[in-house]
Structures are given as C-alpha cells and as structure tokens.
Amino acid sequence: MATIGLSAAAATRIRFAVSCLWEVLASIRILRDPGVPEVHRRWAARARGGVDEGGLLWNLVAPTGGYTPDFLTPPPSGLAGDLGRELAGLRSTPPSVVRAHLDLAGMRGPLRDDPESVLSRLSDEIAEYWSVAIAPDWSRMRALLDAEVQRRARRLAETGSAAILDDLHPSVTWRDGELTIDQPHCAAADVPDGAGLILIPSVFVWPSVLTVTAGEIPQLAYPARGVATLWERSSREPDALTALLGRGRARLLAELATPLSTTELSRRTGLTPGGVSQHLTTLRAAGLVVTHRQGRSLLNTRTAVADALLSAAS
C-alpha cells in the first residue's frame with residue numbers, strides 16, 4: 001500500500017500524460033510473468049520475438065511484485081507519446097539517480113559502474129523492442145489512450161478531481177486529502193505532501209496500477225478503458241441492436257470499441273466511406289458517438305450511453 005498526499009490545492013495540479021516508456025515497461029512486465037492476461041495473449045504471442053531475454057531491458061524490469069528502477073519512467077511531458085523525446089530524457093538521467101534506484105533494486109553490474117554509456121545501450125534496446133513489439137499496434141493503442149484522456153478530462157471538468165480519482169481503479173481511493181493505492185505488492189514510498197499528480201492511462205498496466213513516487217511529481221499509471229477489446233479485429237452486432245438501429249449503424253457501434261477513423265470503419269464493415277459518414281452523423285445526433293481530432297485524423301468513439309445500449313442488447 002502507498003499513499004500520496006493531495007491537498008485541495010495539489011489536486012488542482014493533476015494532469016494527464018501519454019508515455020511510450022510506461023508502455024514499454026508495463027509490456028515487458030507482462031511478458032516476464034508466467035501467466036499472460038488473456039486480453040494480451042494475442043499481442044504477447046507476436047511480441048515475444050522482439051524481446052532479448054538476456055538484455056538490459058529484460059533484466060531491469062521486475063515481474064509482478066518486484067521493484068523496477070524508477071529512472072526507466074521519467075515524468076512524461078505531455079500527451080504526444082513521443083518515444084524519441086522520452087529516450088532523450090532517459091539518456092540524460094543523472095548517474096547519481098541511476099545508482100540510487102539500482103541500489104533500491106539490489107542490482108549491481110555495468111549500469112551502476114558506468115551509467116552514461118550503458119544508458120545509451122539501454123535506449124537502443126528499448127527502440128528496437130518498440131519497433132517490433134509495440135510500433136505495429138501503436139496507432140490503435142494511441143487512439144484508445146487519446147480517447148481515454150479526453151473522456152477523463154471531460155469528466156474532470158464536469159465533476160471535479162474527487163470523481164476522477166475515485167474512478168481510476170478499484171484499488172485507488174482519495175479520502176481526506178490522501179490518495180491511497182491499496183495493493184499488496186505496491187512498494188512505492190509514501191508522499192506525505194504531493195505537489196500534484198501525473199495520471200498516465202496505459203494499455204499494458206491492465207489489470208493493476210503502477211506508481212512512481214520518486215521525483216518532484218508522483219506518477220500513477222492506470223488501465224485505460226477499452227483495453228479488453230483492443231486486440232479484437234472484428235465485432236458482431238447484437239440482433240436486438242440491429243432491429244433497433246439498422247444493421248449498418250449497429251455494426252458501426254459494435255466496431256467502435258476503440259476509436260476509429262471513417263476510413264478504418266469503412267474497411268472493417270464493407271460500407272462505403274459516404275455511408276459510414278451518414279450513419280455516424282445520425283449516431284452523433286443521438287448521443288451514441290463522439291468525434292475528436294487527433295493530428296490530421298478524425299476519430300470516432302462510442303459514448304457511455306452507447307456502451308450501456310450494447311450491453312443491454314447483448
């Protein structure tokens with residue numbers, strides 16, 4: 001169990017971030033555990049070919065219950081999810097910080113003796129692993145993470161910090177100015193008076209949460225909504241929903257378990273792009289779909305109302 005002090009003033013300094021390094025760390029952690037969660041097995045079967053089990057990265061990341069050195073996940077700077085920028089930050093980690101975190105993990109070896117040169121090699125390992133294990137799916141993962149941030153940010157604006165913090169994960173609660181992470185294997189140090197909090201939605205943290213309390217601002221990585229459907233390639237619309245909405249609109253809602261563009265929806269459903277656009281216009285007007293911009297793309301996401309409708313129809 002760990003606690004992070006969050007006064008009313010500190011709670012106003014909560015921000016969201018997307019982090020490539022967090023996904024690297026959490027995904028290696030999954031591969032190191034003997035039992036891969038079912039929702040990640042399809043990904044893991046493909047990704048294992050991209051990991052060097054004798055490399056630095058593999059040996060630095062502890063399986064569930066162990067301590068992974070915090071310098072592997074420096075505070076992400078925003079929502080860009082830029083691996084190159086994060087690796088530059090990793091390479092610039094002060095040697096004293098690297099040694100201190102390795103001491104906490106009880107690790108010895110070349111990284112502790114010569115942090116600067118070994119961090120460069122570690123960064124190369126991470127980049128190579130990323131290109132094989134995560135990059136092929138990153139556009140889908142990124143769309144899901146962006147949708148999660150937008151959903152949470154909207155709720156933050158509507159209901160305030162308390163509702164957001166109490167709804168992140170069953171093991172996370174905020175009471176009387178303290179955020180408590182109640183997990184038996186959580187070895188993070190308490191932060192009596194935090195200066196804020198970085199919330200990091202993650203694909204591979206599921207089904208738990210991970211924390212970093214070292215540094216100026218604590219970090220909490222939590223499972224993004226919709227992870228369980230991320231690797232699914234196709235969905236079948238419920239018959240009851242088809243009768244209510246029509247086959248085209250029901251199929252679109254079933255496919256929108258993760259954010260998708262009009263082009264991708266057309267490819268998946270066989271509908272023309274024009275037909276998809278018309279159906280989406282109707283679904284947006286009914287409050288079942290929202291559309292947001294990501295770079296040059298417009299991504300469509302089903303709403304909580306649509307989720308409830310699909311659940312009831314199933």
# chains A, B, ... in the order shown; residues from 1 in each chain; ligands from 1

call {"tool": "select_by_dssp", "arguments": {"residues": "stretch 95-126 of chain A", "states": "alpha helix (DSSP H)", "output": "JSON, numbers by chain"}}
result
{"A": [95, 96, 97, 98, 99, 100, 101, 102, 103, 104, 105, 110, 111, 112, 113, 115, 116, 117, 118, 119, 120, 121, 122, 123, 124, 125, 126]}

call {"tool": "atom_distance", "arguments": {"atom1": "atom CA of A:Leu283", "atom2": "atom CA of A:Leu156"}}
result
24.6 Å

call {"tool": "closest_residue", "arguments": {"among": "A:Ala312, A:Val227, A:Ala47, A:Val61", "to": "A:Ala135", "atoms": "only C-alpha atoms"}}
result
A:Ala47

call {"tool": "atom_distance", "arguments": {"atom1": "atom CA of A:Ala221", "atom2": "atom CA of A:Leu60"}}
result
18.4 Å

call {"tool": "residues_around", "arguments": {"residues": "A:Ile200", "least_positions_apart": "4", "cutoff": "8 Å", "atoms": "only C-alpha atoms", "output": "ChimeraX atom specification"}}
result
/A:16-19,219-222

call {"tool": "residues_around", "arguments": {"residues": "A:Arg251", "least_positions_apart": "5", "cutoff": "12 Å", "atoms": "only C-alpha atoms", "output": "VMD selection string"}}
result
chain A and resid 234 to 246 256 to 257 265 to 266 268 to 271 276 279 to 280 283 302 310

call {"tool": "atom_distance", "arguments": {"atom1": "atom CA of A:Pro115", "atom2": "atom CA of A:Pro95"}}
result
5.6 Å

call {"tool": "closest_residue", "arguments": {"among": "A:Arg247, A:Gln294, A:Thr180, A:Gly160", "to": "A:Ile14", "atoms": "only C-alpha atoms"}}
result
A:Gly160

call {"tool": "select_by_dssp", "arguments": {"residues": "stretch 254-306 of chain A", "states": "strand (DSSP E or B)", "output": "list in words"}}
result
Leu260, Val289, Val290, Thr291, His292, Arg293, Gln294, Ser297, Leu298, Leu299, Asn300, Thr301 and Arg302 of chain A

call {"tool": "write_last_selection", "arguments": {"atoms": "all heavy atoms", "output": "short mmCIF file (atom, residue, chain, number, x, y, z; two decimals), in the first residue's frame"}}
result
data_model
loop_
_atom_site.label_atom_id
_atom_site.label_comp_id
_atom_site.auth_asym_id
_atom_site.auth_seq_id
_atom_site.Cartn_x
_atom_site.Cartn_y
_atom_site.Cartn_z
N LEU A 260 -11.89 4.86 -33.97
CA LEU A 260 -11.56 4.53 -35.35
C LEU A 260 -11.93 5.67 -36.28
O LEU A 260 -12.88 6.43 -36.03
CB LEU A 260 -12.29 3.26 -35.79
CG LEU A 260 -11.98 1.96 -35.03
CD1 LEU A 260 -12.94 0.86 -35.45
CD2 LEU A 260 -10.54 1.54 -35.25
N VAL A 289 -22.27 8.51 -30.37
CA VAL A 289 -20.89 8.60 -30.87
C VAL A 289 -20.39 10.02 -30.71
O VAL A 289 -21.15 10.98 -30.88
CB VAL A 289 -20.82 8.18 -32.36
CG1 VAL A 289 -19.47 8.56 -32.98
CG2 VAL A 289 -21.06 6.69 -32.51
N VAL A 290 -19.12 10.18 -30.37
CA VAL A 290 -18.46 11.48 -30.37
C VAL A 290 -17.26 11.38 -31.30
O VAL A 290 -16.66 10.32 -31.48
CB VAL A 290 -18.01 11.92 -28.96
CG1 VAL A 290 -19.21 12.18 -28.07
CG2 VAL A 290 -17.08 10.90 -28.34
N THR A 291 -16.88 12.51 -31.88
CA THR A 291 -15.77 12.56 -32.82
C THR A 291 -14.78 13.61 -32.35
O THR A 291 -15.16 14.71 -31.96
CB THR A 291 -16.26 12.91 -34.24
OG1 THR A 291 -17.23 11.94 -34.65
CG2 THR A 291 -15.11 12.91 -35.24
N HIS A 292 -13.49 13.26 -32.36
CA HIS A 292 -12.46 14.21 -31.96
C HIS A 292 -11.29 14.13 -32.92
O HIS A 292 -11.11 13.13 -33.63
CB HIS A 292 -11.99 13.95 -30.52
CG HIS A 292 -11.22 12.66 -30.37
ND1 HIS A 292 -11.84 11.43 -30.19
CD2 HIS A 292 -9.89 12.40 -30.36
CE1 HIS A 292 -10.94 10.49 -30.08
NE2 HIS A 292 -9.73 11.05 -30.19
N ARG A 293 -10.51 15.18 -32.96
CA ARG A 293 -9.37 15.25 -33.88
C ARG A 293 -8.11 14.75 -33.19
O ARG A 293 -7.82 15.10 -32.05
CB ARG A 293 -9.17 16.68 -34.37
CG ARG A 293 -7.99 16.84 -35.35
CD ARG A 293 -7.96 18.22 -35.94
NE ARG A 293 -9.11 18.49 -36.78
CZ ARG A 293 -9.22 18.08 -38.05
NH1 ARG A 293 -8.25 17.37 -38.61
NH2 ARG A 293 -10.29 18.37 -38.75
N GLN A 294 -7.36 13.92 -33.91
CA GLN A 294 -6.02 13.51 -33.47
C GLN A 294 -5.07 13.79 -34.63
O GLN A 294 -5.05 13.07 -35.63
CB GLN A 294 -5.97 12.04 -33.10
CG GLN A 294 -4.57 11.58 -32.69
CD GLN A 294 -4.50 10.09 -32.51
OE1 GLN A 294 -5.34 9.51 -31.84
NE2 GLN A 294 -3.51 9.44 -33.11
N SER A 297 -6.25 13.40 -38.32
CA SER A 297 -7.33 12.41 -38.40
C SER A 297 -8.49 12.78 -37.49
O SER A 297 -8.31 13.40 -36.44
CB SER A 297 -6.81 11.02 -38.01
OG SER A 297 -5.77 10.62 -38.86
N LEU A 298 -9.68 12.36 -37.89
CA LEU A 298 -10.87 12.46 -37.05
C LEU A 298 -11.23 11.06 -36.60
O LEU A 298 -11.46 10.16 -37.42
CB LEU A 298 -12.03 13.09 -37.83
CG LEU A 298 -11.91 14.57 -38.17
CD1 LEU A 298 -13.06 15.01 -39.07
CD2 LEU A 298 -11.88 15.42 -36.91
N LEU A 299 -11.24 10.86 -35.29
CA LEU A 299 -11.53 9.56 -34.72
C LEU A 299 -12.89 9.55 -34.06
O LEU A 299 -13.28 10.51 -33.39
CB LEU A 299 -10.46 9.17 -33.71
CG LEU A 299 -9.04 9.02 -34.27
CD1 LEU A 299 -8.08 8.63 -33.15
CD2 LEU A 299 -8.98 8.00 -35.39
N ASN A 300 -13.59 8.46 -34.21
CA ASN A 300 -14.94 8.31 -33.67
C ASN A 300 -14.92 7.33 -32.51
O ASN A 300 -14.26 6.29 -32.57
CB ASN A 300 -15.88 7.78 -34.77
CG ASN A 300 -15.85 8.65 -36.00
OD1 ASN A 300 -16.43 9.73 -36.02
ND2 ASN A 300 -15.15 8.19 -37.04
N THR A 301 -15.64 7.68 -31.45
CA THR A 301 -15.68 6.86 -30.24
C THR A 301 -17.13 6.76 -29.77
O THR A 301 -17.86 7.75 -29.80
CB THR A 301 -14.86 7.51 -29.11
OG1 THR A 301 -13.56 7.83 -29.59
CG2 THR A 301 -14.74 6.57 -27.92
N ARG A 302 -17.54 5.57 -29.36
CA ARG A 302 -18.89 5.47 -28.83
C ARG A 302 -18.93 6.00 -27.40
O ARG A 302 -17.94 5.95 -26.67
CB ARG A 302 -19.42 4.05 -28.92
CG ARG A 302 -18.76 3.03 -28.04
CD ARG A 302 -19.22 1.62 -28.40
NE ARG A 302 -18.71 0.64 -27.46
CZ ARG A 302 -18.47 -0.62 -27.78
NH1 ARG A 302 -18.68 -1.06 -29.00
NH2 ARG A 302 -18.01 -1.46 -26.85
#

call {"tool": "residues_around", "arguments": {"residues": "A:Arg32", "least_positions_apart": "5", "cutoff": "8 Å", "atoms": "only C-alpha atoms", "output": "number ranges by chain"}}
result
A: 58, 62-63
